[in-house]
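Peer 1: Pasting in a structure now, in structure tokens, and then I'll have a few things to ask.
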Amino acid sequence: MSTASQYVLEARDISKHFDGVFALNEVDLQIRTGEIHALLGENGAGKSTLIKVLTGVYAPDSGTMHLEGEGITFKGVSSAHKAGVVALYQELSIVPNVSVAENIVLGDDMPTRAGLVDWKELRRIAREQLDRLNQGQIPVQRMAGRLTPVQQTMVAVARAIAVKAKVLILDEPTAALTDHEIQDLFRVLRNLRAEGVAIVYVSHRLEEVFELCDRATIMRNGRVMTTTDVADTTIREVISTMVGRNQEDLFPTRGIPGASTAVEIHNLSGQRVKDVSLSVKEGEVLGIGGLAGSGRSELLRIIAGAQRHTSGRIVIDGQETNHKSVAAALSHGVALVPEERRSQGVVLSQSIGENIAVGNLTSISKWGLVTRARIKSLASNSIAELQIKSRGPHQTVGQLSGGNQQKVVLAKYLARNPKVLLLDEPTRGIDVGTKSEIYGLIRGLAAKGAAVIVVSSELPELIGLADRIVLMHEGHISGEVSAAGADEEQLLSYCYGRAAS
Amino acid sequence: GGGADASAEPEDNGAPVVAVFTASYATPAVKTGVDMFEDQATEKGWQVSVSDSANDYNKLNAQMQDAISRDVDAIVMGYTSQEKTSLGVSAANDADIPVFAIDAGIEPYEPYALNVTSDNTQLATASAQAIIDANPDGGDVLIVGWDSHPGIRLRTDVATELFEKNGFNVAANHQIQSPGAAQEEALSFVQDYLQSHPGEAAPVGVWAGFDAAGFGAVQAAEAAGAEGIAVASMNGDDFAIAEIAKGGPFIATVLQDWPTIIGDVVSAMDTYFTDGTLPENNHIEIEGTPITKGNASEF
Amino acid sequence: MQTRAAAGEGARRYTSALGAMKSGGTIIGFILLVAVFGMMRPEVFLTFGNLRNVLEQVAILAIIASVQTVVMVVGNFDLSVGATASLSGAVVAQLLIGGQGIAVAIAGALVVGALVGAVNGYLTAYLKLSAFVATLATMTSVSGLAFIVTDGTTLFGLPQGFMSLGQGRWLGLPIPIFVAIAIAVMVWFVLRNTTIGRRWHAVGGNAEVAKLSGVHVNRVRFLAFVVAGAGAALAGVVLTSRLASATATSGDSYMLLAIAAVFLGMTISKEGTANIGGTLIGVGILGVLSNGLNIIGVSTYVQQFLTGIIIIAAVAFSRLGNKGVS
Amino acid sequence: MQTRAAAGEGARRYTSALGAMKSGGTIIGFILLVAVFGMMRPEVFLTFGNLRNVLEQVAILAIIASVQTVVMVVGNFDLSVGATASLSGAVVAQLLIGGQGIAVAIAGALVVGALVGAVNGYLTAYLKLSAFVATLATMTSVSGLAFIVTDGTTLFGLPQGFMSLGQGRWLGLPIPIFVAIAIAVMVWFVLRNTTIGRRWHAVGGNAEVAKLSGVHVNRVRFLAFVVAGAGAALAGVVLTSRLASATATSGDSYMLLAIAAVFLGMTISKEGTANIGGTLIGVGILGVLSNGLNIIGVSTYVQQFLTGIIIIAAVAFSRLGNKGVS
Ligand SMILES: Nc1ncnc2c1ncn2[C@@H]1O[C@H](COP(=O)(O)OP(=O)(O)OP(=O)(O)O)[C@@H](O)[C@H]1O
Ligand SMILES: Nc1ncnc2c1ncn2[C@@H]1O[C@H](COP(=O)(O)OP(=O)(O)OP(=O)(O)O)[C@@H](O)[C@H]1O
Ligand SMILES: [Mg+2]
Ligand SMILES: [Mg+2]
């Protein structure tokens with residue numbers, strides 16, 4: 001080593017602005033060989049932007065980068081790949097219309113023989129990578145678009161680890177994964193660390209960070225606040241550095257459910273949902289847990305009119321509503337905050353105002369007319385109420401950070417004051433501070449008499465937020481517990497379809 | 001209508017089987033002529049099929065080869081372009097199937113048994129002469145043509161030469177780009193021209209290669225309120241005759257003599273079917289009838 | 001701190017000015033075009049009479065492009081508008097020749113157009129056919145119908161009263177200009193200030209999101225096609241009146257031009273979506289181009305060659321600065 | 001567990017059979033079409049001679065549609081292919097008339113086509129213009145060039161040797177059929193088995209992911225347009241050879257047909273993406289339709305009307321069962 005630098009990757013004084021607003025402001029980051037380095041911060045702190053600068057997607061306005069002591073500038077992703085700096089980007093998934101194997105080796109390193117794709121070698125590489133992740137069951141020849149979302153994420157991870165990287169960067173890889181896959185991923189990451197690969201890891205699940213990472217860099221508002229050894233700090237300390245104040249309790253106090261039943265479901269069956277019955281009282285928060293693919297999303301979609309059911313009844317406020325569309329469900333006061341915000345929640349190319357307005361056209365229109373002023377005032381209220389970090393109602397949603405996009409989705413449905421609110425993974429990819437705000441909003445709505453159903457893959461979230469929890473397994477309800485004092489292991493066993501032992 | 005049975009098998013009753021090919025049945029003049037031929041031929045007891053290839057000459061040639069392989073007794077080319085059908089026509093020659101043609105080529109073409117066509121030179125001369133006669137002092141004329149059509153291109157060449165010989169200046173030659181919208185295109189072009197050449201600079205006449213374009217020019221002249229612009233074109237379409245009868249800027253068109261043209265083709269074919277003889281002269285040009293305000297009411 | 005904030009402000013002003021210039025590139029292209037033609041033949045090009053001519057020449061295109069904008073806002077496009085204009089023009093002519101009153105004839109033509117639109121809408125929204133295949137197929141059928149209605153001939157001899165729609169003047173300007181303005185303003189207003197307009201935008205932005213927000217996506221998409229059909233029919237009626245005649249193909253060439261105008265206009269909006277203001281600029285570019293080239297007397301073939309080049313230049317202008325970024 | 005798995009298997013088999021029928025709807029539509037025409041005129045329609053005839057009629061369309069498939073696999077489309085075919089046909093004729101050798105003339109025409117493709121590719125991939133505007137504009141310019149090259153006339157009098165490409169036969173079949181087959185097979189092979197082919201798919205599937213996975217998206221997209229340009233040029237050369245003449249518009253009508261064929265074929269693939277097999281079925285539908293309607297003797301205008309209806313029926317067939325779902 002000619003250089004004395006102990007860092008494999010070093011970024012100094014990196015600044016980047018969008019439309020005059022700084023997303024990164026003189027950021028320094030130093031990554032050592034053989035460490036897992038957490039990159040933490042609130043939604044919109046600048047983590048993803050920094051990663052895109054590090055891998056040549058964005059050119060920084062100013063600042064320098066050194067790789068193994070050499071000054072370097074990347075002119076795009078493939079030049080970063082060549083140098084050994086590889087990233088898995090946030091919420092970026094797969095190419096749906098090519099095979100799993102091709103998704104894993106898509107770039108310049110696609111193996112060839114006599115100028116043609118060497119399919120055998122390609123599949124071998126793909127299988128090898130998937131095996132590392134314990135995902136050997138994924139058929140490498142299948143079109144990637146036909147995999148489940150979890151499998152798609154794992155394929156994307158496999159793509160990132162397939163490149164012989166010096167620095168591997170993962171931006172919220174676990175947001176859409178369940179514990180099972182997360183543990184497989186961690187094992188691989190630890191092995192890579194042992195081989196001397198430097199890993200940068202972004203997550204809003206701080207427990208994970210403390211389990212996995214060696215050091216952490218904490219950002220706030222586009223600046224680096226501190227870099228510290230994980231062993232030397234606590235979750236509480238990290239949170240207060242991230243949000244700039246002390247975090248009170250994550251979960252709000254529970255309320256007292258009302259007497260009347262807001263929504264009842266009797267023997268509901270449909271695609272991947274089998275004979276489900278449940279009821280939620282006014283002011284009650286019901287949590288639904290289960291493994292990926294257990295049918296939770298489908299259940300919510302059926303209740304919300306987004307998907308047909310084959311049998312069963314839905315009763316809202318004592319009235320059977322045979323609704324067949326989302327519009328009809330909404331008119332009965334049933335609103336669904338969908339799972340995939342980019343494809344189901346927001347129109348990325350439209351403004352915050354337009355996104356919120358489209359769910360509330362009836363209330364802001366008169367004789368079919370809507371004015372810009374009404375859209376603006378509706379959106380401004382939401383921005384204030386949910387503290388959406390933005391430049392105002394006119395800002396394009398695609399320019400917001402992931403967490404703030406999620407707040408826009410929530411705002412759209414909350415503005416309707418729904419009687420029954422269904423939330424599918426509402427805090428995916430959201431920072432702790434914001435999570436706490438969202439929990440507060442959910443409880444606030446319940447306090448006003450709404451019935452809330454929350455689907456979440458994070459059991460602590462269900463336990464902390466809900467009044468009551470039901471668990472689903474292969475489309476059935478496999479168990480029900482009261483949330484206060486519920487035990488994670490018990491919930492898990494229901495998730496696997498076993499009665500609690 | 002165009003096309004009874006395009007691929008009729010030769011039948012045993014001895015009636016001659018005739019396959020008609022055209023690439024532009026959607027054009028009014030072509031439709032008139034092809035329908036007229038079909039009527040007359042059917043009356044003679046021939047078994048006629050009409051195929052339109054909608055300007056796809058690749059298809060037209062393939063269809064011809066197919067007709068040849070089915071051994072039809074005669075082939076009729078309706079308003080096609082002789083340069084684009086050599087594949088089919090020479091295959092017909094090889095198979096000894098005579099090819100008769102209606103207005104399908106402006107020059108004598110040896111592989112045809114007979115081509116009866118409008119006398120484009122006469123059509124162009126007559127219409128251009130109308131403008132020349134209306135403007136003894138000469139001046140600028142505009143030409144609206146369509147060179148992609150060989151017949152109309154010939155007319156344009158003839159008219160241009162005649163104008164120049166008589167001391168007129170051909171100030172602009174506009175080529176129609178979308179034949180389907182020729183009237184509107186001519187309207188816009190002449191409108192723009194009149195705008196940029198007002199008063200003294202205005203042309204004394206607009207000569208158009210076919211009536212739809214002429215009609216557009218007339219409308220532009222009327223809308224601009226320009227005095228003394230004479231418009232002449234040809235084909236003898238009924239809307240043009242009606243417009244000429246009104247006595248506006250539209251002063252002349254030349255009616256193509258389809259009855260004679262079709263009649264000549266049918267009688268030559270009749271002779272061939274009767275005794276197997278083909279005409280001596282395989283290229284006949286038929287003159288058209290000039291129509292002006294004076295005689296417009298007779299048509 | 002002070003200086004940095006100031007610099008930030010400066011940078012913001014700078015980039016947004018640049019942004020405006022970029023997204024306004026097509027507008028600048030349009031202005032440049034006018035300026036160049038104006039400089040070459042100022043005594044002709046920049047006169048009231050010529051302006052009126054240009055407006056008159058683009059009026060029908062503007063109507064079709066305006067309603068095409070609606071379809072493109074919902075994220076589809078309609079290849080049948082030109083054929084629908086031809087058919088409706090033929091229908092109105094045939095009805096008038098058959099002795100129907102002017103109002104009845106026009107209403108008949110508009111109904112035919114709306115029906116064609118309804119077929120397109122049904123195929124695209126409810127049967128989920130790709131709009132390209134569906135509208136190309138209706139274009140073919142509708143064009144066949146137009147030939148059947150006209151029997152392949154030119155229909156003429158329409159009553160004088162009908163002609164005033166296309167040939168009459170008001171305040172010294174041809175009526176079609178006013179029709180076009182009315183339609184464009186209506187489309188602008190509906191797109192901007194009505195619930196159906198907001199829904200069109202939402203469906204075009206992301207149909208799944210719109211559906212989950214309670215929008216009846218199919219109905220909304222269907223309606224856009226009906227509007228396009230009826231609008232194209234109106235354009236066909238105006239065209240027939242202006243030409244005092246109808247053929248089976250008179251409106252066909254508007255199809256590509258209308259889509260081109262909307263696409264040109266899309267470069268104006270930051271989001272790259274169809275918008276009526278942009279569409280009118282697009283129509284303006286196409287109109288000025290053909291008028292200007294006619295006026296400076298470029299020969300037909302070269303005109304065609306230049307038209308393509310200038311369109312590319314006008315649009316590329318708005319992109320060149322962007323090149324490095326994405 | 002056992003039973004459940006079995007039920008799952010059963011359900012899967014059921015859905016995929018249904019899926020195959022649905023996605024195969026277009027194929028079934030095609031077969032139905034052949035069956036109906038075959039039943040109406042078996043002694044004519046189902047003969048070897050007629051089959052050859054259909055193939056001959058669609059050969060040039062098949063070439064253009066095959067290369068259009070490539071552009072549509074990357075998620076764009078190219079409106080200039082028809083005009084490029086016309087221009088290249090004119091170029092090869094003009095070069096031959098000017099005394100160049102056959103090989104040189106053909107090479108010249110292909111280079112012209114590839115250049116047009118490169119312009120389209122540059123505008124679309126690098127300047128990020130919408131493919132519609134860019135290729136519509138080049139279509140206009142290229143068509144203008146074709147008029148300039150031909151001076152608006154028909155070029156003819158080409159050497160006999162050149163004509164064998166379009167008019168010759170081999171094994172009793174016209175050469176253009178073999179050229180079309182060769183191109184289709186080549187496109188199929190390249191799309192399937194080469195890195196560029198796989199990258200074309202990836203860019204079309206999700207350009208953002210492809211780019212962030214290290215694919216040179218711009219270069220890959222650029223290349224697709226070059227291929228389309230060169231392929232269209234080849235089609236133009238074959239057409240010129242077949243007609244023994246060239247005009248400025250001889251290839252124009254292939255543009256819409258080629259795109260329609262690819263779109264028809266897209267309904268065949270489960271993912272709804274462009275694929276060469278589907279394209280050929282699409283070409284087949286268009287070819288059989290025009291041949292069959294001719295053979296059963298439907299009049300031209302009604303033929304046009306029916307063509308649209310039948311195309312819709314063929315495609316709608318693949319969708320009707322889907323209606324309730326999405
Ligand atoms: N393309 C863009 N245009 C404009 N602003 C942007 C763009 N991308 C990011 N930003 C802004 O930059 C800031 C940082 O965003 P970034 O996505 O880096 O946040 P993050 O830390 O990754 O947040 P999250 O945890 O929510 O993913 C945000 O304020 C965001 O609005
Ligand atoms: N095994 C599977 N087979 C088919 N589709 C699946 C499967 N797993 C998940 N999906 C689909 O992916 C979507 C989202 O999956 P996600 O990983 O979020 O699962 P989840 O929400 O935990 O599962 P679910 O919503 O089914 O309980 C679901 O709506 C479902 O349609
Ligand atoms: Mg992020
Ligand atoms: Mg789910």
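We name chains A, B, ... following the order of the structure tokens; residues begin at 1 in each chain, and ligands are numbered from 1 as shown.
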So which residues touch Val209 of chain A within 12 Å, counting only C-alpha atoms, skipping near sequence neighbours fewer than 2 positions away, as JSON, numbers by chain?

Peer 2: {"A": [36, 37, 38, 39, 40, 172, 174, 182, 186, 200, 201, 202, 203, 204, 205, 206, 207, 211, 212, 213, 214, 215, 216, 217, 218, 229, 230, 231, 233, 234, 235, 238]}

Peer 1: Near Gly105 of chain B, counting only C-alpha atoms, which residues have an atom at most 8 Å away, once you skip same-chain residues fewer than 3 positions from it, shown as a list in words?

Peer 2: Tyr79, Thr80, Ser81, Gln82, Pro108, Tyr109, Asn115, Thr117, Pro150 and Gly151 of chain B

Peer 1: Since we have the selection now, will you write its residues out, keeping all heavy atoms, as a CSV table (one decimal), in the first residue's frame?

Peer 2:
chain,number,residue,atom,x,y,z
B,79,TYR,N,-55.2,2.2,-64.5
B,79,TYR,CA,-54.6,3.4,-63.9
B,79,TYR,C,-53.3,3.1,-63.1
B,79,TYR,O,-53.0,3.8,-62.2
B,79,TYR,CB,-55.6,4.2,-63.0
B,79,TYR,CG,-56.9,4.5,-63.7
B,79,TYR,CD1,-57.9,3.6,-63.8
B,79,TYR,CD2,-57.0,5.7,-64.4
B,79,TYR,CE1,-59.1,3.9,-64.5
B,79,TYR,CE2,-58.2,6.0,-65.1
B,79,TYR,CZ,-59.2,5.1,-65.1
B,79,TYR,OH,-60.3,5.4,-65.8
B,80,THR,N,-52.6,2.1,-63.5
B,80,THR,CA,-51.4,1.8,-62.8
B,80,THR,C,-50.2,2.5,-63.5
B,80,THR,O,-50.4,3.1,-64.5
B,80,THR,CB,-51.1,0.3,-62.7
B,80,THR,OG1,-51.2,-0.2,-64.1
B,80,THR,CG2,-52.2,-0.4,-61.9
B,81,SER,N,-49.1,2.4,-62.8
B,81,SER,CA,-47.9,3.0,-63.4
B,81,SER,C,-47.0,2.0,-64.0
B,81,SER,O,-46.7,1.0,-63.4
B,81,SER,CB,-47.2,3.7,-62.2
B,81,SER,OG,-45.9,4.0,-62.5
B,82,GLN,N,-46.7,2.1,-65.3
B,82,GLN,CA,-46.1,1.0,-66.0
B,82,GLN,C,-44.7,0.7,-65.5
B,82,GLN,O,-44.2,-0.5,-65.5
B,82,GLN,CB,-46.0,1.3,-67.5
B,82,GLN,CG,-45.1,2.4,-67.9
B,82,GLN,CD,-45.3,2.9,-69.3
B,82,GLN,OE1,-46.4,2.7,-69.9
B,82,GLN,NE2,-44.3,3.4,-69.9
B,108,PRO,N,-45.7,4.8,-75.0
B,108,PRO,CA,-45.9,3.5,-75.6
B,108,PRO,C,-45.0,2.5,-74.8
B,108,PRO,O,-43.9,2.8,-74.5
B,108,PRO,CB,-45.4,3.7,-77.0
B,108,PRO,CG,-45.5,5.1,-77.3
B,108,PRO,CD,-45.3,5.8,-76.0
B,109,TYR,N,-45.6,1.4,-74.5
B,109,TYR,CA,-45.0,0.4,-73.7
B,109,TYR,C,-45.2,-1.0,-74.4
B,109,TYR,O,-46.3,-1.5,-74.5
B,109,TYR,CB,-45.6,0.4,-72.3
B,109,TYR,CG,-44.9,-0.5,-71.3
B,109,TYR,CD1,-43.5,-0.5,-71.1
B,109,TYR,CD2,-45.7,-1.3,-70.5
B,109,TYR,CE1,-43.0,-1.3,-70.1
B,109,TYR,CE2,-45.1,-2.2,-69.5
B,109,TYR,CZ,-43.7,-2.1,-69.3
B,109,TYR,OH,-43.2,-2.9,-68.4
B,115,ASN,N,-52.7,0.0,-74.6
B,115,ASN,CA,-53.0,1.0,-73.5
B,115,ASN,C,-53.7,2.2,-74.1
B,115,ASN,O,-53.2,2.8,-75.0
B,115,ASN,CB,-51.6,1.4,-73.0
B,115,ASN,CG,-51.8,2.5,-71.9
B,115,ASN,OD1,-52.9,2.6,-71.3
B,115,ASN,ND2,-50.8,3.3,-71.6
B,117,THR,N,-55.1,5.7,-73.3
B,117,THR,CA,-54.9,6.7,-72.2
B,117,THR,C,-55.4,8.0,-72.7
B,117,THR,O,-55.6,8.3,-73.8
B,117,THR,CB,-53.4,6.7,-71.9
B,117,THR,OG1,-53.2,7.9,-71.1
B,117,THR,CG2,-52.5,6.8,-73.1
B,150,PRO,N,-47.2,10.1,-62.9
B,150,PRO,CA,-46.5,10.4,-64.2
B,150,PRO,C,-47.4,11.2,-65.1
B,150,PRO,O,-46.9,12.1,-65.8
B,150,PRO,CB,-46.2,9.0,-64.7
B,150,PRO,CG,-46.2,8.1,-63.5
B,150,PRO,CD,-47.2,8.7,-62.6
B,151,GLY,N,-48.7,10.9,-65.2
B,151,GLY,CA,-49.6,11.6,-66.1
B,151,GLY,C,-49.6,13.1,-65.7
B,151,GLY,O,-49.5,14.0,-66.6

Peer 1: Tell me the residues of chain D close to chain C, meaning within 6 Å using only C-alpha atoms, as a list in words.

Peer 2: Leu127, Ala137, Thr138, Thr140, Ser141, Gly144, Phe147, Tyr301, Gln304, Phe305, Gly308 and Lys323 of chain D

Peer 1: I need the chosen residues saved as a PDB file, in the first residue's frame, with all heavy atoms.

Peer 2:
ATOM      1  N   LEU D 127     -30.251  12.666 -26.715  1.00  0.00           N
ATOM      2  CA  LEU D 127     -30.927  13.937 -26.437  1.00  0.00           C
ATOM      3  C   LEU D 127     -32.256  13.730 -25.722  1.00  0.00           C
ATOM      4  O   LEU D 127     -32.917  14.690 -25.351  1.00  0.00           O
ATOM      5  CB  LEU D 127     -31.168  14.721 -27.727  1.00  0.00           C
ATOM      6  CG  LEU D 127     -29.954  15.356 -28.378  1.00  0.00           C
ATOM      7  CD1 LEU D 127     -30.386  16.359 -29.434  1.00  0.00           C
ATOM      8  CD2 LEU D 127     -29.099  16.070 -27.333  1.00  0.00           C
ATOM      9  N   ALA D 137     -40.292  13.490 -36.993  1.00  0.00           N
ATOM     10  CA  ALA D 137     -39.549  14.550 -37.657  1.00  0.00           C
ATOM     11  C   ALA D 137     -38.583  13.969 -38.688  1.00  0.00           C
ATOM     12  O   ALA D 137     -38.516  14.454 -39.823  1.00  0.00           O
ATOM     13  CB  ALA D 137     -38.798  15.385 -36.628  1.00  0.00           C
ATOM     14  N   THR D 138     -37.847  12.915 -38.305  1.00  0.00           N
ATOM     15  CA  THR D 138     -36.947  12.342 -39.314  1.00  0.00           C
ATOM     16  C   THR D 138     -37.765  11.758 -40.460  1.00  0.00           C
ATOM     17  O   THR D 138     -37.369  11.850 -41.612  1.00  0.00           O
ATOM     18  CB  THR D 138     -36.024  11.241 -38.750  1.00  0.00           C
ATOM     19  OG1 THR D 138     -36.767  10.394 -37.901  1.00  0.00           O
ATOM     20  CG2 THR D 138     -34.874  11.825 -37.980  1.00  0.00           C
ATOM     21  N   THR D 140     -40.402  12.954 -41.735  1.00  0.00           N
ATOM     22  CA  THR D 140     -40.711  14.067 -42.629  1.00  0.00           C
ATOM     23  C   THR D 140     -39.492  14.449 -43.461  1.00  0.00           C
ATOM     24  O   THR D 140     -39.577  14.589 -44.679  1.00  0.00           O
ATOM     25  CB  THR D 140     -41.190  15.273 -41.798  1.00  0.00           C
ATOM     26  OG1 THR D 140     -42.178  14.833 -40.879  1.00  0.00           O
ATOM     27  CG2 THR D 140     -41.760  16.349 -42.679  1.00  0.00           C
ATOM     28  N   SER D 141     -38.364  14.602 -42.772  1.00  0.00           N
ATOM     29  CA  SER D 141     -37.153  15.004 -43.493  1.00  0.00           C
ATOM     30  C   SER D 141     -36.711  13.938 -44.489  1.00  0.00           C
ATOM     31  O   SER D 141     -36.335  14.239 -45.625  1.00  0.00           O
ATOM     32  CB  SER D 141     -36.011  15.260 -42.502  1.00  0.00           C
ATOM     33  OG  SER D 141     -36.204  16.483 -41.869  1.00  0.00           O
ATOM     34  N   GLY D 144     -38.780  13.991 -47.446  1.00  0.00           N
ATOM     35  CA  GLY D 144     -38.366  15.102 -48.301  1.00  0.00           C
ATOM     36  C   GLY D 144     -37.126  14.735 -49.105  1.00  0.00           C
ATOM     37  O   GLY D 144     -37.040  14.998 -50.309  1.00  0.00           O
ATOM     38  N   PHE D 147     -37.928  12.576 -52.001  1.00  0.00           N
ATOM     39  CA  PHE D 147     -38.442  13.356 -53.127  1.00  0.00           C
ATOM     40  C   PHE D 147     -37.310  14.062 -53.856  1.00  0.00           C
ATOM     41  O   PHE D 147     -37.297  14.156 -55.074  1.00  0.00           O
ATOM     42  CB  PHE D 147     -39.479  14.374 -52.639  1.00  0.00           C
ATOM     43  CG  PHE D 147     -40.867  13.809 -52.561  1.00  0.00           C
ATOM     44  CD1 PHE D 147     -41.459  13.556 -51.337  1.00  0.00           C
ATOM     45  CD2 PHE D 147     -41.582  13.521 -53.720  1.00  0.00           C
ATOM     46  CE1 PHE D 147     -42.734  13.024 -51.258  1.00  0.00           C
ATOM     47  CE2 PHE D 147     -42.858  12.991 -53.652  1.00  0.00           C
ATOM     48  CZ  PHE D 147     -43.443  12.744 -52.417  1.00  0.00           C
ATOM     49  N   TYR D 301     -64.086  -0.989 -50.548  1.00  0.00           N
ATOM     50  CA  TYR D 301     -64.409  -0.152 -49.404  1.00  0.00           C
ATOM     51  C   TYR D 301     -64.884  -0.987 -48.231  1.00  0.00           C
ATOM     52  O   TYR D 301     -64.523  -0.740 -47.082  1.00  0.00           O
ATOM     53  CB  TYR D 301     -65.483   0.874 -49.779  1.00  0.00           C
ATOM     54  CG  TYR D 301     -65.073   1.796 -50.888  1.00  0.00           C
ATOM     55  CD1 TYR D 301     -66.013   2.458 -51.657  1.00  0.00           C
ATOM     56  CD2 TYR D 301     -63.731   2.019 -51.160  1.00  0.00           C
ATOM     57  CE1 TYR D 301     -65.639   3.316 -52.667  1.00  0.00           C
ATOM     58  CE2 TYR D 301     -63.331   2.865 -52.172  1.00  0.00           C
ATOM     59  CZ  TYR D 301     -64.295   3.512 -52.935  1.00  0.00           C
ATOM     60  OH  TYR D 301     -63.917   4.351 -53.936  1.00  0.00           O
ATOM     61  N   GLN D 304     -61.987  -2.586 -46.511  1.00  0.00           N
ATOM     62  CA  GLN D 304     -61.288  -1.734 -45.568  1.00  0.00           C
ATOM     63  C   GLN D 304     -62.053  -1.688 -44.244  1.00  0.00           C
ATOM     64  O   GLN D 304     -61.475  -1.802 -43.162  1.00  0.00           O
ATOM     65  CB  GLN D 304     -61.180  -0.328 -46.162  1.00  0.00           C
ATOM     66  CG  GLN D 304     -60.068   0.461 -45.530  1.00  0.00           C
ATOM     67  CD  GLN D 304     -59.897   1.806 -46.181  1.00  0.00           C
ATOM     68  OE1 GLN D 304     -60.406   2.059 -47.276  1.00  0.00           O
ATOM     69  NE2 GLN D 304     -59.196   2.696 -45.530  1.00  0.00           N
ATOM     70  N   PHE D 305     -63.353  -1.544 -44.352  1.00  0.00           N
ATOM     71  CA  PHE D 305     -64.186  -1.518 -43.158  1.00  0.00           C
ATOM     72  C   PHE D 305     -64.017  -2.813 -42.361  1.00  0.00           C
ATOM     73  O   PHE D 305     -63.784  -2.792 -41.153  1.00  0.00           O
ATOM     74  CB  PHE D 305     -65.654  -1.324 -43.574  1.00  0.00           C
ATOM     75  CG  PHE D 305     -66.617  -1.405 -42.440  1.00  0.00           C
ATOM     76  CD1 PHE D 305     -66.623  -0.426 -41.456  1.00  0.00           C
ATOM     77  CD2 PHE D 305     -67.520  -2.446 -42.347  1.00  0.00           C
ATOM     78  CE1 PHE D 305     -67.513  -0.491 -40.401  1.00  0.00           C
ATOM     79  CE2 PHE D 305     -68.410  -2.523 -41.292  1.00  0.00           C
ATOM     80  CZ  PHE D 305     -68.406  -1.549 -40.316  1.00  0.00           C
ATOM     81  N   GLY D 308     -60.551  -3.458 -40.270  1.00  0.00           N
ATOM     82  CA  GLY D 308     -60.492  -2.923 -38.917  1.00  0.00           C
ATOM     83  C   GLY D 308     -61.261  -3.781 -37.938  1.00  0.00           C
ATOM     84  O   GLY D 308     -60.763  -4.131 -36.857  1.00  0.00           O
ATOM     85  N   LYS D 323     -61.582  -9.588 -19.011  1.00  0.00           N
ATOM     86  CA  LYS D 323     -62.281  -8.338 -18.763  1.00  0.00           C
ATOM     87  C   LYS D 323     -62.469  -8.035 -17.282  1.00  0.00           C
ATOM     88  O   LYS D 323     -62.151  -6.952 -16.818  1.00  0.00           O
ATOM     89  CB  LYS D 323     -63.644  -8.382 -19.455  1.00  0.00           C
ATOM     90  CG  LYS D 323     -64.218  -7.032 -19.713  1.00  0.00           C
ATOM     91  CD  LYS D 323     -65.610  -7.196 -20.303  1.00  0.00           C
ATOM     92  CE  LYS D 323     -66.526  -6.132 -19.755  1.00  0.00           C
ATOM     93  NZ  LYS D 323     -67.896  -6.345 -20.174  1.00  0.00           N
TER      94      LYS D 323
END

Peer 1: Between atom CA of Ala210 of chain C and atom CA of Ala415 of chain A, what is the distance in Å, rounded to a tenth?

Peer 2: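 Atom-to-atom, atom CA of Ala210 of chain C and atom CA of Ala415 of chain A are spaced 15.9 Å apart.
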
Peer 1: Could the residues that lie within 6 Å of ligand 3, counting only C-alpha atoms and all ligand atoms, be listed as a CSV table (one decimal) with N, CA and C atoms, in the first residue's frame?

Peer 2:
chain,number,residue,atom,x,y,z
A,47,LYS,N,-29.3,10.4,2.7
A,47,LYS,CA,-28.6,9.2,2.6
A,47,LYS,C,-28.6,8.6,1.2
A,48,SER,N,-29.7,8.6,0.6
A,48,SER,CA,-29.8,8.0,-0.8
A,48,SER,C,-29.0,8.9,-1.8
A,90,GLN,N,-32.2,2.2,-3.2
A,90,GLN,CA,-33.5,2.2,-2.5
A,90,GLN,C,-34.7,1.9,-3.4
A,401,SER,N,-38.1,12.6,-0.5
A,401,SER,CA,-37.4,11.4,0.0
A,401,SER,C,-38.5,10.3,0.3
A,402,GLY,N,-38.1,9.1,0.3
A,402,GLY,CA,-39.0,8.0,0.5
A,402,GLY,C,-40.0,8.2,1.6
